[in-house]
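Below is query01.txt, holding compact mmCIF, C-alpha atoms.
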```
# COMPACT_ATOMS: atom_id res chain seq x y z
CA MET A 1 23.64 19.86 20.31
CA LYS A 2 24.43 22.79 18.00
CA HIS A 3 27.06 20.80 16.09
CA LEU A 4 24.71 17.82 15.72
CA LEU A 5 21.94 20.00 14.29
CA LEU A 6 24.40 21.62 11.89
CA ARG A 7 25.59 18.21 10.77
CA LEU A 8 21.99 17.10 10.23
CA SER A 9 21.08 20.24 8.30
CA GLU A 10 23.83 19.43 5.81
CA LEU A 11 22.16 16.11 4.98
CA ASP A 12 18.91 17.56 3.62
CA PRO A 13 18.00 21.19 4.48
CA ARG A 14 14.36 20.61 3.45
CA ALA A 15 13.68 17.79 5.91
CA GLY A 16 13.05 17.75 9.65
CA ASP A 17 15.75 16.46 12.01
CA GLU A 18 14.12 13.07 12.50
CA LEU A 19 13.86 12.50 8.76
CA ARG A 20 17.49 13.52 8.34
CA VAL A 21 18.51 10.85 10.85
CA ILE A 22 16.46 8.28 8.91
CA SER A 23 18.06 9.37 5.63
CA PHE A 24 21.55 9.28 7.18
CA PHE A 25 21.34 5.62 8.18
CA ASP A 26 19.42 4.62 5.04
CA ALA A 27 22.21 6.10 2.92
CA LEU A 28 24.84 4.12 4.84
CA LEU A 29 22.93 0.88 4.23
CA GLN A 30 22.33 1.62 0.55
CA ASN A 31 26.06 2.22 0.08
CA GLY A 32 26.94 -1.17 1.55
CA THR A 33 28.44 -0.17 4.90
CA ASP A 34 30.10 -2.65 7.25
CA LEU A 35 29.71 -2.71 11.04
CA ASP A 36 32.90 -0.78 11.85
CA ARG A 37 32.07 2.05 9.48
CA LEU A 38 28.48 2.12 10.72
CA LEU A 39 29.63 2.57 14.32
CA THR A 40 32.17 5.22 13.35
CA GLU A 41 29.63 7.25 11.39
CA ALA A 42 26.97 6.87 14.10
CA ALA A 43 29.40 8.07 16.78
CA ARG A 44 30.42 11.07 14.71
CA LEU A 45 26.79 11.96 14.04
CA ALA A 46 25.82 11.57 17.71
CA GLU A 47 29.02 13.30 18.93
CA CYS A 48 29.32 10.78 21.75
CA PRO A 49 30.45 7.16 22.23
CA VAL A 50 28.21 4.45 20.76
CA GLY A 51 28.27 0.67 20.87
CA VAL A 52 26.70 -2.62 19.90
CA SER A 53 26.59 -5.98 21.65
CA VAL A 54 25.27 -9.24 20.21
CA PRO A 55 26.44 -12.09 22.50
CA GLU A 56 25.08 -14.79 20.17
CA LEU A 57 27.43 -13.63 17.43
CA GLY A 58 30.32 -12.75 19.72
CA VAL A 59 30.01 -9.11 18.66
CA TYR A 60 30.98 -6.28 21.00
CA ARG A 61 32.07 -2.91 19.67
CA ARG A 62 32.33 0.43 21.38
CA VAL A 63 33.72 3.56 19.73
CA SER A 64 34.37 7.13 20.81
CA ALA A 65 32.84 10.27 19.35
CA ASP A 66 35.76 10.58 16.90
CA GLY A 67 35.49 6.95 15.81
CA GLY A 68 38.28 5.47 17.90
CA SER A 69 37.91 2.05 19.53
CA LEU A 70 37.02 1.96 23.22
CA ALA A 71 37.45 -0.86 25.72
CA GLY A 72 35.32 -1.69 28.71
CA PRO A 73 31.56 -1.73 29.35
CA ALA A 74 29.05 0.90 28.28
CA ASP A 75 28.24 3.78 30.58
CA PRO A 76 25.49 2.69 33.04
CA ASP A 77 23.36 5.66 31.93
CA ALA A 78 23.68 4.87 28.23
CA ARG A 79 20.50 5.08 26.14
CA LYS A 80 19.88 1.56 24.77
CA HIS A 81 17.71 -0.01 22.08
CA GLY A 82 17.20 -3.72 21.39
CA LEU A 83 17.90 -5.29 18.00
CA VAL A 84 15.16 -7.22 16.22
CA ASN A 85 17.52 -10.17 15.76
CA GLY A 86 18.93 -10.10 19.30
CA GLY A 87 21.43 -7.94 21.15
CA GLU A 88 21.38 -4.19 21.69
CA VAL A 89 22.93 -0.87 20.70
CA TRP A 90 23.46 2.25 22.74
CA ILE A 91 24.65 5.85 22.77
CA GLU A 92 26.57 7.24 25.74
CA ARG A 93 25.69 10.90 26.01
CA ARG A 94 26.74 12.61 29.22
CA GLY A 95 24.33 15.21 30.52
CA PRO A 96 20.79 15.89 29.29
CA ALA A 97 19.56 13.86 26.31
CA PHE A 98 19.05 15.62 22.98
CA PRO A 99 15.54 15.64 21.47
CA ILE A 100 16.83 13.65 18.50
CA ASP A 101 18.39 10.85 20.61
CA ALA A 102 15.36 8.55 20.60
CA MET A 103 15.18 8.52 16.80
CA LEU A 104 18.97 8.28 16.48
CA VAL A 105 19.31 5.17 18.64
CA GLU A 106 16.26 3.56 17.00
CA ARG A 107 17.64 3.99 13.48
CA PHE A 108 21.11 2.98 14.66
CA ALA A 109 19.56 -0.27 15.96
CA ILE A 110 17.75 -0.95 12.68
CA ALA A 111 20.95 -0.33 10.70
CA CYS A 112 23.03 -2.61 12.95
CA ALA A 113 20.43 -5.37 12.67
CA ALA A 114 20.55 -5.03 8.89
CA VAL A 115 24.35 -5.24 8.73
CA LEU A 116 24.55 -8.17 11.16
CA GLY A 117 21.60 -9.99 9.62
CA GLY A 118 22.61 -9.58 6.00
CA ALA A 119 19.43 -7.72 5.05
CA ARG A 120 17.53 -4.76 6.34
CA PRO A 121 14.76 -6.06 8.58
CA ALA A 122 11.32 -4.53 8.54
CA PRO A 123 9.95 -3.76 11.99
CA ALA A 124 6.82 -5.69 12.85
CA LEU A 125 4.56 -2.85 11.77
CA GLY A 126 6.51 -1.67 8.70
CA ASP A 127 8.26 1.66 9.42
CA PRO A 128 6.45 3.22 12.37
CA ALA A 129 8.48 6.43 12.45
CA LEU A 130 7.61 7.32 8.87
CA VAL A 131 3.95 6.33 9.21
CA GLU A 132 3.60 8.45 12.35
CA LEU A 133 5.10 11.47 10.58
CA VAL A 134 2.83 11.05 7.56
CA LEU A 135 -0.30 10.79 9.73
CA SER A 136 0.62 13.56 12.18
CA ALA A 137 -1.38 16.77 11.79
CA ALA A 138 1.55 18.61 13.40
CA ALA A 139 4.07 17.58 10.73
CA ASP A 140 5.13 20.28 8.27
CA GLU A 141 4.54 19.73 4.57
CA ALA A 142 8.23 19.29 3.77
CA GLY A 143 8.60 16.64 6.46
CA ARG A 144 5.48 14.79 5.36
CA SER A 145 6.59 14.87 1.72
CA ARG A 146 9.98 13.46 2.65
CA ALA A 147 8.41 10.70 4.76
CA LEU A 148 6.07 9.79 1.90
CA LYS A 149 9.05 9.52 -0.42
CA LEU A 150 10.83 7.18 1.98
CA LEU A 151 7.67 5.05 2.11
CA GLY A 152 7.67 4.92 -1.69
CA LEU A 153 4.57 7.11 -2.10
CA ARG A 154 4.18 10.12 -4.38
CA PRO A 155 2.24 13.03 -2.78
CA ASP A 156 -0.39 12.84 -5.54
CA ARG A 157 -0.92 9.08 -5.32
CA CYS A 158 -4.18 8.04 -3.70
CA VAL A 159 -4.12 6.16 -0.43
CA GLN A 160 -6.63 4.89 2.08
CA VAL A 161 -5.94 5.23 5.77
CA PHE A 162 -7.32 2.74 8.29
CA ALA A 163 -7.77 3.24 12.03
CA VAL A 164 -7.80 -0.14 13.77
CA ALA A 165 -8.73 -0.84 17.40
CA GLY A 166 -8.05 -4.23 18.96
CA GLU A 167 -6.39 -6.99 16.99
CA ALA A 168 -3.31 -5.98 14.97
CA PRO A 169 -4.01 -5.44 11.26
CA ALA A 170 -2.91 -8.08 8.75
CA PHE A 171 -4.02 -6.69 5.40
CA GLY A 172 -0.80 -5.09 4.15
CA GLY A 173 0.25 -1.48 3.85
CA SER A 174 2.54 0.60 6.07
CA ALA A 175 1.43 0.48 9.69
CA ALA A 176 2.31 1.80 13.13
CA ARG A 177 0.93 1.63 16.63
CA LEU A 178 -0.31 5.13 17.48
CA GLY A 179 -1.47 5.26 21.07
CA ASP A 180 -4.25 2.71 21.52
CA LEU A 181 -4.82 2.34 17.77
CA TYR A 182 -3.04 1.03 14.72
CA GLY A 183 -2.72 3.42 11.79
CA VAL A 184 -2.37 1.79 8.36
CA ILE A 185 -1.66 3.47 5.02
CA VAL A 186 -2.60 1.42 1.95
CA SER A 187 -1.74 2.44 -1.59
CA GLY A 188 -3.87 0.65 -4.18
CA PRO A 189 -5.24 -0.78 -6.22
CA PRO A 190 -6.01 -3.41 -5.12
CA TRP A 191 -7.75 -2.06 -2.03
CA PRO A 192 -8.56 -4.35 0.91
CA GLY A 193 -12.23 -5.34 1.02
CA ASP A 194 -14.34 -5.48 4.16
CA ASP A 195 -13.90 -9.25 4.37
CA ALA A 196 -10.13 -8.77 4.70
CA LEU A 197 -10.60 -5.98 7.25
CA ALA A 198 -13.17 -7.64 9.51
CA LYS A 199 -11.70 -9.50 12.48
CA PRO A 200 -13.59 -10.91 15.49
CA HIS A 201 -11.58 -8.86 17.97
CA ALA A 202 -11.01 -5.66 15.99
CA THR A 203 -12.93 -2.68 14.68
CA VAL A 204 -11.87 -0.60 11.70
CA GLY A 205 -12.53 2.93 10.47
CA VAL A 206 -11.82 3.52 6.77
CA SER A 207 -11.04 6.88 5.17
CA PRO A 208 -11.96 7.86 1.62
CA ARG A 209 -9.23 7.52 -1.00
CA LEU A 210 -7.27 10.77 -0.91
CA PRO A 211 -3.90 11.97 -2.24
CA SER A 212 -1.18 10.77 0.12
CA ALA A 213 -0.25 14.40 0.88
CA ARG A 214 -3.62 14.56 2.73
CA ALA A 215 -2.94 11.43 4.78
CA ALA A 216 -3.20 13.30 8.09
CA TYR A 217 -6.72 14.41 7.20
CA ALA A 218 -7.54 10.88 6.04
CA TRP A 219 -6.34 9.60 9.45
CA HIS A 220 -8.75 12.02 11.14
CA LEU A 221 -11.64 10.75 8.98
CA ALA A 222 -10.69 7.11 9.63
CA ARG A 223 -10.76 7.71 13.40
CA THR A 224 -14.14 9.42 13.05
CA ALA A 225 -15.49 6.37 11.22
CA LEU A 226 -13.99 4.08 13.86
CA ARG A 227 -16.16 5.71 16.53
CA PHE A 228 -19.22 4.14 14.86
CA ALA A 229 -17.66 0.69 14.47
CA GLY A 230 -18.45 -2.17 16.81
CA PRO A 231 -20.40 -5.39 17.23
CA GLY A 232 -23.97 -5.52 15.99
CA GLU A 233 -25.88 -5.22 12.75
CA LEU A 234 -26.46 -1.48 12.33
CA TRP A 235 -22.90 -0.27 11.73
CA GLY A 236 -20.75 -3.37 11.94
CA ARG A 237 -17.07 -3.77 12.74
CA VAL A 238 -15.87 -2.00 9.58
CA VAL A 239 -17.18 1.53 8.95
CA HIS A 240 -16.33 3.72 5.95
CA TRP A 241 -16.36 7.46 6.55
CA ASP A 242 -17.84 8.18 3.11
CA ARG A 243 -20.90 6.05 3.97
CA LEU A 244 -21.70 7.97 7.15
CA GLY A 245 -23.17 11.05 5.49
CA GLY A 246 -24.59 13.47 8.05
CA PHE A 247 -23.88 11.06 10.92
CA ALA A 248 -20.21 12.09 10.70
CA LEU A 249 -21.21 15.56 11.91
CA LEU A 250 -22.44 14.05 15.16
CA ALA A 251 -18.97 12.70 15.90
CA GLU A 252 -17.38 16.04 15.04
CA HIS A 253 -19.60 18.30 17.13
CA LEU A 254 -21.17 16.38 20.04
CA SER A 255 -19.25 15.64 23.23
CA PRO A 256 -19.92 12.56 25.40
CA GLU A 257 -21.34 14.89 28.08
CA VAL A 258 -23.90 16.35 25.68
CA ILE A 259 -24.83 12.89 24.37
CA SER A 260 -25.33 11.58 27.91
CA GLY A 261 -28.08 14.16 28.38
CA SER A 262 -30.20 12.83 25.52
CA PRO A 263 -33.45 11.33 26.91
CA ASP A 264 -33.39 8.58 24.27
CA VAL A 265 -29.84 7.57 25.20
CA VAL A 266 -30.82 7.55 28.88
CA ALA A 267 -33.79 5.31 28.02
CA LEU A 268 -31.50 2.89 26.17
CA ASP A 269 -29.26 2.77 29.24
CA ARG A 270 -32.29 1.85 31.36
CA LEU A 271 -33.18 -0.92 28.93
CA GLU A 272 -29.66 -2.30 29.13
CA ALA A 273 -29.76 -2.28 32.91
CA GLY A 274 -33.06 -4.21 32.95
CA PRO A 275 -33.64 -7.96 32.63
CA ASN A 276 -32.00 -9.48 29.52
CA GLY A 277 -30.94 -5.94 28.61
CA ASN A 278 -28.17 -6.95 26.23
CA ALA A 279 -30.58 -9.05 24.19
CA VAL A 280 -33.11 -6.21 23.98
CA LEU A 281 -30.49 -3.74 22.76
CA ALA A 282 -29.12 -6.28 20.27
CA THR A 283 -32.68 -6.65 18.95
CA LEU A 284 -33.06 -2.88 18.60
CA ASP A 285 -29.74 -2.70 16.76
CA ALA A 286 -30.78 -5.46 14.35
CA PHE A 287 -34.26 -3.94 13.90
CA ALA A 288 -32.76 -0.55 12.96
CA ALA A 289 -30.67 -2.33 10.31
CA SER A 290 -33.59 -4.40 8.95
CA ASP A 291 -36.73 -3.87 6.88
CA SER A 292 -39.12 -5.84 9.07
CA VAL A 293 -39.64 -7.89 12.20
CA ARG A 294 -39.25 -11.02 10.08
CA GLN A 295 -35.82 -9.90 8.82
CA THR A 296 -34.78 -8.91 12.34
CA ALA A 297 -35.69 -12.36 13.61
CA SER A 298 -33.77 -13.94 10.75
CA ARG A 299 -30.66 -11.87 11.54
CA LEU A 300 -30.75 -12.90 15.20
CA TYR A 301 -31.93 -16.50 14.64
CA ILE A 302 -34.82 -16.11 17.06
CA HIS A 303 -38.61 -16.35 16.67
CA ARG A 304 -40.61 -13.34 15.48
CA SER A 305 -42.67 -13.37 18.64
CA SER A 306 -39.50 -12.82 20.70
CA VAL A 307 -38.56 -9.85 18.51
CA ALA A 308 -42.06 -8.39 18.81
CA ALA A 309 -42.04 -8.75 22.59
CA ARG A 310 -38.65 -7.06 22.92
CA LEU A 311 -39.70 -4.20 20.64
CA ALA A 312 -42.86 -3.68 22.66
CA ARG A 313 -40.83 -3.50 25.86
CA ALA A 314 -38.46 -1.00 24.23
CA GLU A 315 -41.34 1.17 22.98
CA ASN A 316 -42.72 1.32 26.50
CA GLU A 317 -39.36 2.52 27.85
CA LEU A 318 -38.48 4.86 24.98
CA GLY A 319 -41.93 6.43 24.79
CA PHE A 320 -42.32 6.39 20.99
CA PRO A 321 -43.40 3.81 18.38
CA LEU A 322 -40.60 1.99 16.57
CA HIS A 323 -42.51 0.82 13.48
CA SER A 324 -43.15 4.28 12.04
CA ALA A 325 -40.62 5.99 9.77
CA ASP A 326 -39.88 8.73 12.28
CA GLY A 327 -39.69 6.23 15.15
CA ARG A 328 -37.14 4.07 13.30
CA ALA A 329 -35.09 7.18 12.42
CA ARG A 330 -35.17 8.30 16.05
CA LEU A 331 -34.06 4.85 17.21
CA THR A 332 -31.18 4.80 14.71
CA LEU A 333 -30.04 8.21 15.92
CA ALA A 334 -30.21 7.17 19.57
CA LEU A 335 -28.17 4.02 18.90
CA ALA A 336 -25.58 6.05 17.00
CA LEU A 337 -25.32 8.60 19.80
CA ARG A 338 -24.90 5.87 22.37
CA ARG A 339 -22.01 4.40 20.41
CA LEU A 340 -20.35 7.81 20.01
CA ARG A 341 -20.52 8.35 23.75
CA SER A 342 -18.12 5.43 24.30
CA PRO A 343 -14.34 5.91 23.92
CA ILE A 344 -12.79 4.51 20.73
CA GLY A 345 -12.24 0.79 21.11
CA GLU A 346 -14.96 0.43 23.76
CA HIS A 347 -18.52 -0.34 22.73
CA PRO A 348 -21.94 -0.41 24.37
CA SER A 349 -23.17 -3.90 25.01
CA ALA A 350 -25.73 -4.01 22.19
CA GLY A 351 -24.74 -6.75 19.84
CA HIS A 352 -22.83 -8.86 22.37
CA VAL A 353 -25.54 -11.51 22.44
CA PRO A 354 -24.98 -14.86 20.66
CA ARG A 355 -27.37 -15.37 17.78
CA GLY A 356 -30.27 -17.53 18.72
CA ALA A 357 -29.91 -16.69 22.42
CA GLY A 358 -33.21 -16.97 24.19
CA GLY A 359 -33.93 -16.31 27.81
CA VAL A 360 -36.04 -13.67 29.43
CA ILE A 361 -37.84 -11.42 26.94
```
How would this structure read if it were set down as structure tokens?
Amino acid sequence: MKHLLLRLSELDPRAGDELRVISFFDALLQNGTDLDRLLTEAARLAECPVGVSVPELGVYRRVSADGGSLAGPADPDARKHGLVNGGEVWIERRGPAFPIDAMLVERFAIACAAVLGGARPAPALGDPALVELVLSAAADEAGRSRALKLLGLRPDRCVQVFAVAGEAPAFGGSAARLGDLYGVIVSGPPWPGDDALAKPHATVGVSPRLPSARAAYAWHLARTALRFAGPGELWGRVVHWDRLGGFALLAEHLSPEVISGSPDVVALDRLEAGPNGNAVLATLDAFAASDSVRQTASRLYIHRSSVAARLARAENELGFPLHSADGRARLTLALALRRLRSPIGEHPSAGHVPRGAGGVI
């Protein structure tokens, strides 16, 4: 392990070990390496045997730590990684794995796929390793700067960061799957509009445009905005952090446990549990986003009398009038709190009612 770290530190003393591994394989590809040299250099870097097998192409190579050819199958405990164009690579380290092994075998696989395929392939989500480093709050500034450079971004260039739950994003940029979300970094202009972002089975939080060196903070803001996103009229499926104003403070400082104790949130839960509860909450959501009962009815494609009846039922349960300025503000706050109580990617049922749906009032 000591020799590997020393070898890595010679590549770029300013970068972290993972970025040095990325740079190592990128440099080999940029200099026009062939498969034999790639395996030799990878084995020397890893200080253990490595190999590649692509049955479709009749390719099987296995080399020792000093670059010599080896016969026979890979060690059963070898760490393997599939190639995007078929086959697999591996490293055969005896004993405990090194912390850098996961990144090493991943970049080794990408490099082998590039050499065998004639061009460097882009993973399905761009370059996840670099995106994750750029968006990580734990990354040091030197590492983030290096990752930005490899993504083709200057630290002072403005980017927007998008947090996407549900359907995979398809609006460009550099993206990665980060836990249950997709993180996307877009450098504009042009910037994707809400029409490009909105998908039936996805919700999106959008950060302000910030220098790319502040991408980790932008990722935090995008995830904050995502907590408000969902079906319905009040917030919608695409939420911009810089349009939240003081509502963003609610997401920063209120826990789900505190929110659950709000009497107005409890009353909304009772409404949902009652007859035609989803329709009533969808009506409240649309009413909070509208100027009048008429506009609410138009948004939901139902008659005004149905809206009025549902609002009256809600007022009886909530215990305050909805048509006054303070009543509408209180309703909007309660709906926002209820949404923030749900985990990211899960939404209260308000808004899940087809437009024009009738039924019990």
- [ ] Could you give me, as a ChimeraX atom specification, the residues within 10 Å of A:Ile259, counting all atoms listed in the file and dropping anything in the same chain fewer than 2 positions from it?
- [x] /A:250,254-257,261-266,334,337-341
Open item on the list: List the spatial neighbours of A:Leu135 as a PyMOL selection string - criterion: any atom at most 7 Å away, all atoms listed in the file, same-chain residues fewer than 3 positions off excluded.
Closed with: chain A and resi 131-132+215-216+219
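Distance check against A:Gly143 using all atoms listed in the file: of A:Ala170, A:Ala213, A:Ala282, A:Val186, the minimum falls on A:Ala213.
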TODO: Tell me, as JSON, numbers by chain, which residues lie within 12 Å of A:Ala312, counting all atoms listed in the file; anything in the same chain fewer than 4 positions away does not count.
DONE: {"A": [271, 280, 283, 284, 293, 305, 306, 307, 308, 316, 317, 318, 319, 320, 321, 322, 323, 361]}
Kindly save the residues from that selection, with C-alpha atoms included, as a tab-separated table (two decimals), keeping the file's coordinate frame.
```
chain	number	residue	atom	x	y	z
A	271	LEU	CA	-33.18	-0.92	28.93
A	280	VAL	CA	-33.11	-6.21	23.98
A	283	THR	CA	-32.68	-6.65	18.95
A	284	LEU	CA	-33.06	-2.88	18.60
A	293	VAL	CA	-39.64	-7.89	12.20
A	305	SER	CA	-42.67	-13.37	18.64
A	306	SER	CA	-39.50	-12.82	20.70
A	307	VAL	CA	-38.56	-9.85	18.51
A	308	ALA	CA	-42.06	-8.39	18.81
A	316	ASN	CA	-42.72	1.32	26.50
A	317	GLU	CA	-39.36	2.52	27.85
A	318	LEU	CA	-38.48	4.86	24.98
A	319	GLY	CA	-41.93	6.43	24.79
A	320	PHE	CA	-42.32	6.39	20.99
A	321	PRO	CA	-43.40	3.81	18.38
A	322	LEU	CA	-40.60	1.99	16.57
A	323	HIS	CA	-42.51	0.82	13.48
A	361	ILE	CA	-37.84	-11.42	26.94
```
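The residue set within 7 Å of A:Ile185, counting all atoms listed in the file and dropping same-chain residues fewer than 3 places from it, reads Val159, Gln160, Val161, Phe162, Gly173, Ser174 and Ala175 of chain A.
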Task: Residues within 10 Å of A:Asp36, all atoms listed in the file, excluding chain neighbours under 2 positions, as a list of chain:residue names - done: A:Thr33, A:Asp34, A:Leu38, A:Leu39, A:Thr40, A:Glu41, A:Ala42, A:Arg61, A:Arg62, A:Val63, A:Gly67, A:Ser69
Filtering to C-alpha atoms, could you give me those residues as a PDB file, in the frame of the given file?
```pdb
ATOM      1  CA  THR A  33      28.440  -0.170   4.900  1.00  0.00           C
ATOM      2  CA  ASP A  34      30.100  -2.650   7.250  1.00  0.00           C
ATOM      3  CA  LEU A  38      28.480   2.120  10.720  1.00  0.00           C
ATOM      4  CA  LEU A  39      29.630   2.570  14.320  1.00  0.00           C
ATOM      5  CA  THR A  40      32.170   5.220  13.350  1.00  0.00           C
ATOM      6  CA  GLU A  41      29.630   7.250  11.390  1.00  0.00           C
ATOM      7  CA  ALA A  42      26.970   6.870  14.100  1.00  0.00           C
ATOM      8  CA  ARG A  61      32.070  -2.910  19.670  1.00  0.00           C
ATOM      9  CA  ARG A  62      32.330   0.430  21.380  1.00  0.00           C
ATOM     10  CA  VAL A  63      33.720   3.560  19.730  1.00  0.00           C
ATOM     11  CA  GLY A  67      35.490   6.950  15.810  1.00  0.00           C
ATOM     12  CA  SER A  69      37.910   2.050  19.530  1.00  0.00           C
TER      13      SER A  69
END
```
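From atom CA of A:Ile302 back to atom CA of A:Leu333, the distance works out to 24.8 Å.
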Open item on the list: Between atom CA of A:His201 and atom CA of A:Leu181, what is the distance in Å, rounded to a tenth?
Closed with: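 Straight-line distance from atom CA of A:His201 to atom CA of A:Leu181 works out to 13.1 Å.
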